[in-house]
2 protein chains.
Amino acid sequence: MKEVRVLEIKQSVFADNDMQADKLRQELKEKGVFLLNLMSSPGSGKTTTLMRTIDALKGKIKIGVMEADIDSDVDAKTIALSGAKVIQLHTGGMCHLDAEMTRQGLEGLDTKDVELAILENVGNLVCPAEFDTGASKNAMILSVPEGDDKPLKYPLMFSICDVVLINKIDVMPYFDFDMDKCREYIHMRNPKAKIIPICAKTGEGIEEWTKWLSDEVVNWKEA
Amino acid sequence: MKEVRVLEIKQSVFADNDMQADKLRQELKEKGVFLLNLMSSPGSGKTTTLMRTIDALKGKIKIGVMEADIDSDVDAKTIALSGAKVIQLHTGGMCHLDAEMTRQGLEGLDTKDVELAILENVGNLVCPAEFDTGASKNAMILSVPEGDDKPLKYPLMFSICDVVLINKIDVMPYFDFDMDKCREYIHMRNPKAKIIPICAKTGEGIEEWTKWLSDEVVNWKEA
């Protein structure tokens with residue numbers, strides 16, 4: 001009995017969030033703001049990848065960044081160095097962002113001069129996958145040191161992402177990471193997922209990634 | 001108003017879990033089963049560290065392992081190779097284990113011939129920290145590729161752990177990881193935390209870690 005009740009509560013939370021997310025997506029479409037939800041494990045390189053992304057798209061797309069963390073503002077300070085508009089969101093212990101928290105973040109950021117808003121979600125492969133933020137596209141980073149088996153263990157995250165960046169490919173010689181096996185596992189979860197190996201530290205693969213991203217923004221505007 | 005209501009619900013969940021956890025801890029004490037709750041990010045090396053731990057304590061302490069994952073049984077299959085008693089727990093999408101789920105796991109494992117039960121929690125630095133599992137001690141692994149700033153971003157996890165293993169020290173030359181800074185950040189969150197640098201792959205530091213663990217089991221039995 002207890003378990004059934006918990007599931008009902010959870011489902012109503014999800015249904016309510018899905019409604020809020022669809023509403024936010026519609027409003028962002030009207031305002032011309034493309035929202036990218038970027039997820040990953042702790043320490044996979046979200047902030048470094050964002051720095052590269054902002055640099056590559058400078059002068060082409062106006063970017064605003066929301067840095068979500070339970071505590072600290074180290075990431076927002078780093079992003080601010082790039083010159084991009086940025087706001088730090090503290091989640092108050094929450095393990096994910098939902099649509100309402102994302103809406104508050106966007107209001108805090110102020111999107112009137114933003115074409116591409118990027119939400120750096122809380123470092124977590126589980127909970128963020130369960131909550132639609134209202135994003136136009138979901139992206140995730142899997143880093144080589146985490147291992148090629150992660151799509152087997154965190155199925156939902158891989159199934160909801162439009163693009164998977166495989167980061168830290170520069171350290172592949174030091175880890176047992178099979179890129180072909182990893183691609184196979186990702187496509188098992190999500191046959192349509194775009195997979196791009198990158199190294200945010202050296203810049204490898206960033207051109208392919210930012211081309212994919214800017215094409216998505218253009219196609220979305222024209223749709 | 002809305003926020004206050006959510007917090008109340010959450011608190012009653014935590015209070016109920018804390019009660020269940022204390023009850024389970026008491027029962028385990030009577031049965032002579034020491035429960036270790038092992039937490040970390042995805043891919044930090046929990047399973048490899050466990051394999052080394054089981055090997056080092058073979059013939060000294062009878063170990064049983066509960067492998068918690070959202071999906072897949074790859075970790076339980078690996079642990080089974082060590083000859084240790086093992087059970088795979090599927091959390092059904094849940095991002096953490098609470099005391100009741102841990103109790104079910106222990107019943108499934110069957111602890112009558114177990115002195116040290118190890119729970120490999122879901123790979124997640126956020127939610128598992130919020131739920132007392134009834135463990136005698138909490139341990140976590142932080143791996144070098146994740147970065148030395150993690151205690152700043154995931155404060156609760158570091159504050160509740162009795163011991164922090166810093167894994168993958170063999171790849172330190174390839175990452176910007178400052179061990180002194182990391183120690184400082186961990187002790188900022190938890191001045192009493194024992195910190196042990198290890199490399200589960202090569203075995204470095206495993207002796208110090210398993211000595212700490214077996215001393216804890218002995219002291220707990222005698223207390």
# chains A, B, ... in the order shown; residues from 1 in each chain; ligands from 1
>>> select_by_dssp(residues="stretch 21-167 of chain B", states="alpha helix (DSSP H)", output="ChimeraX atom specification")
/B:21-31,46-57,74-80,99-109,150-153,155-160
>>> closest_atom_pairs(of="chain B", to="chain A", cutoff="6 Å", atoms="only C-alpha atoms", output="JSON lines")
{"residue": "B:Gly43", "atom": "CA", "partner": "A:Glu146", "partner_atom": "CA", "distance": 3.9}
{"residue": "B:Asp71", "atom": "CA", "partner": "A:Lys153", "partner_atom": "CA", "distance": 5.3}
{"residue": "B:Ser72", "atom": "CA", "partner": "A:Lys153", "partner_atom": "CA", "distance": 5.8}
{"residue": "B:Cys95", "atom": "CA", "partner": "A:Val126", "partner_atom": "CA", "distance": 5.8}
{"residue": "B:Asn124", "atom": "CA", "partner": "A:Asn124", "partner_atom": "CA", "distance": 6.0}
{"residue": "B:Val126", "atom": "CA", "partner": "A:Cys95", "partner_atom": "CA", "distance": 5.8}
{"residue": "B:Glu146", "atom": "CA", "partner": "A:Gly43", "partner_atom": "CA", "distance": 3.9}
{"residue": "B:Gly147", "atom": "CA", "partner": "A:Gly43", "partner_atom": "CA", "distance": 5.9}
{"residue": "B:Leu152", "atom": "CA", "partner": "A:Ser72", "partner_atom": "CA", "distance": 6.0}
{"residue": "B:Lys153", "atom": "CA", "partner": "A:Asp71", "partner_atom": "CA", "distance": 5.3}
>>> write_last_selection(atoms="C-alpha atoms", output="PDB file, in the first residue's frame")
ATOM      1  CA  GLY B  43      32.203   5.817 -12.605  1.00  0.00           C
ATOM      2  CA  ASP B  71      19.207  -1.021 -14.071  1.00  0.00           C
ATOM      3  CA  SER B  72      21.732  -3.673 -15.223  1.00  0.00           C
ATOM      4  CA  CYS B  95      18.166   7.804  -7.161  1.00  0.00           C
ATOM      5  CA  ASN B 124      24.992   9.940  -7.222  1.00  0.00           C
ATOM      6  CA  VAL B 126      23.295  14.257  -4.031  1.00  0.00           C
ATOM      7  CA  GLU B 146      36.098  14.552 -11.093  1.00  0.00           C
ATOM      8  CA  GLY B 147      38.153  17.443  -9.729  1.00  0.00           C
ATOM      9  CA  LEU B 152      32.436  22.799  -2.469  1.00  0.00           C
ATOM     10  CA  LYS B 153      29.578  21.668  -4.698  1.00  0.00           C
TER      11      LYS B 153
END
>>> select_by_dssp(residues="stretch 53-179 of chain A", states="strand (DSSP E)", output="ChimeraX atom specification")
/A:63-69,85-90,116-120,137-143,163-167
>>> residues_around(residues="B:Ile206", least_positions_apart="5", cutoff="10 Å", atoms="only C-alpha atoms", output="list in words")
Thr49, Arg52, Thr53, Ala56, Leu165, Ile196, Pro197, Ile198, Cys199, Ala200, Lys211 and Trp212 of chain B
>>> closest_residue(among="A:Ala117, A:Ala68, A:Val33, A:Thr102", to="A:Ala84", atoms="only C-alpha atoms")
A:Ala117
>>> residues_around(residues="B:Ser214", least_positions_apart="6", cutoff="9 Å", atoms="only C-alpha atoms", output="PyMOL selection string")
chain B and resi 57+60-61
>>> closest_residue(among="B:Leu38, B:Asp132, B:Ile141, B:Leu97", to="B:Lys23", atoms="only C-alpha atoms")
B:Asp132
>>> residues_around(residues="B:Ile160", least_positions_apart="6", cutoff="9 Å", atoms="only C-alpha atoms", output="ChimeraX atom specification")
/B:129,138-139,189-190,193
>>> residues_around(residues="B:Glu107", least_positions_apart="2", cutoff="12 Å", atoms="only C-alpha atoms", output="ChimeraX atom specification")
/B:24,28,64,66,87,89,100-105,109-112,114,117
>>> write_last_selection(atoms="N, CA, C and O atoms", output="mmCIF file, in the first residue's frame")
data_model
loop_
_atom_site.group_PDB
_atom_site.id
_atom_site.type_symbol
_atom_site.label_atom_id
_atom_site.label_comp_id
_atom_site.auth_asym_id
_atom_site.auth_seq_id
_atom_site.Cartn_x
_atom_site.Cartn_y
_atom_site.Cartn_z
ATOM 1 N N LEU B 24 17.007 -0.184 12.221
ATOM 2 C CA LEU B 24 17.809 -1.164 11.469
ATOM 3 C C LEU B 24 19.223 -1.257 12.044
ATOM 4 O O LEU B 24 19.764 -2.356 12.212
ATOM 5 N N LEU B 28 20.967 -4.634 13.451
ATOM 6 C CA LEU B 28 22.229 -5.122 12.878
ATOM 7 C C LEU B 28 23.285 -5.282 13.969
ATOM 8 O O LEU B 28 24.078 -6.219 13.954
ATOM 9 N N GLY B 64 29.558 -9.581 2.660
ATOM 10 C CA GLY B 64 28.419 -9.700 1.734
ATOM 11 C C GLY B 64 28.200 -8.358 1.069
ATOM 12 O O GLY B 64 28.339 -7.317 1.719
ATOM 13 N N MET B 66 25.833 -5.739 -1.426
ATOM 14 C CA MET B 66 24.594 -5.377 -2.122
ATOM 15 C C MET B 66 24.937 -4.324 -3.165
ATOM 16 O O MET B 66 25.437 -3.259 -2.823
ATOM 17 N N ILE B 87 24.373 -9.606 -3.991
ATOM 18 C CA ILE B 87 23.022 -9.506 -4.542
ATOM 19 C C ILE B 87 22.914 -8.184 -5.292
ATOM 20 O O ILE B 87 23.506 -7.178 -4.888
ATOM 21 N N LEU B 89 20.586 -5.137 -6.394
ATOM 22 C CA LEU B 89 19.317 -4.483 -6.074
ATOM 23 C C LEU B 89 18.962 -3.522 -7.205
ATOM 24 O O LEU B 89 19.770 -2.654 -7.555
ATOM 25 N N GLU B 100 14.484 1.435 4.468
ATOM 26 C CA GLU B 100 13.582 0.317 4.183
ATOM 27 C C GLU B 100 14.083 -0.499 2.990
ATOM 28 O O GLU B 100 14.064 -1.733 3.006
ATOM 29 N N MET B 101 14.579 0.191 1.959
ATOM 30 C CA MET B 101 15.129 -0.509 0.793
ATOM 31 C C MET B 101 16.393 -1.283 1.198
ATOM 32 O O MET B 101 16.645 -2.393 0.709
ATOM 33 N N THR B 102 17.166 -0.704 2.097
ATOM 34 C CA THR B 102 18.374 -1.379 2.571
ATOM 35 C C THR B 102 18.002 -2.635 3.358
ATOM 36 O O THR B 102 18.626 -3.691 3.214
ATOM 37 N N ARG B 103 16.955 -2.514 4.176
ATOM 38 C CA ARG B 103 16.488 -3.687 4.931
ATOM 39 C C ARG B 103 16.079 -4.816 3.981
ATOM 40 O O ARG B 103 16.440 -5.975 4.179
ATOM 41 N N GLN B 104 15.346 -4.455 2.925
ATOM 42 C CA GLN B 104 14.935 -5.464 1.937
ATOM 43 C C GLN B 104 16.169 -6.101 1.287
ATOM 44 O O GLN B 104 16.204 -7.310 1.050
ATOM 45 N N GLY B 105 17.166 -5.259 1.006
ATOM 46 C CA GLY B 105 18.409 -5.761 0.409
ATOM 47 C C GLY B 105 19.116 -6.740 1.321
ATOM 48 O O GLY B 105 19.574 -7.804 0.882
ATOM 49 N N LEU B 109 19.969 -10.572 0.669
ATOM 50 C CA LEU B 109 21.354 -11.050 0.733
ATOM 51 C C LEU B 109 21.469 -12.240 1.679
ATOM 52 O O LEU B 109 22.182 -13.193 1.404
ATOM 53 N N ASP B 110 20.727 -12.165 2.795
ATOM 54 C CA ASP B 110 20.780 -13.137 3.893
ATOM 55 C C ASP B 110 22.122 -12.991 4.631
ATOM 56 O O ASP B 110 23.155 -13.449 4.163
ATOM 57 N N THR B 111 22.047 -12.378 5.823
ATOM 58 C CA THR B 111 23.277 -11.989 6.516
ATOM 59 C C THR B 111 23.722 -12.955 7.612
ATOM 60 O O THR B 111 24.582 -12.611 8.417
ATOM 61 N N LYS B 112 23.151 -14.173 7.623
ATOM 62 C CA LYS B 112 23.491 -15.025 8.777
ATOM 63 C C LYS B 112 24.982 -15.416 8.819
ATOM 64 O O LYS B 112 25.530 -15.648 9.876
ATOM 65 N N VAL B 114 27.349 -13.328 7.457
ATOM 66 C CA VAL B 114 28.023 -12.092 7.037
ATOM 67 C C VAL B 114 28.400 -11.248 8.258
ATOM 68 O O VAL B 114 27.575 -11.024 9.136
ATOM 69 N N ALA B 117 28.581 -6.178 5.866
ATOM 70 C CA ALA B 117 27.716 -6.031 4.688
ATOM 71 C C ALA B 117 28.033 -4.682 4.056
ATOM 72 O O ALA B 117 28.072 -3.660 4.742
#
>>> atom_distance(atom1="atom CA of A:Gly108", atom2="atom CA of A:Gly32")
17.3 Å
>>> residues_around(residues="B:Met19", least_positions_apart="4", cutoff="12 Å", atoms="only C-alpha atoms", output="number ranges by chain")
B: 12-15, 23-26, 98-100, 131-134
>>> atom_distance(atom1="atom CA of A:Gly59", atom2="atom CA of A:Asn37")
21.7 Å
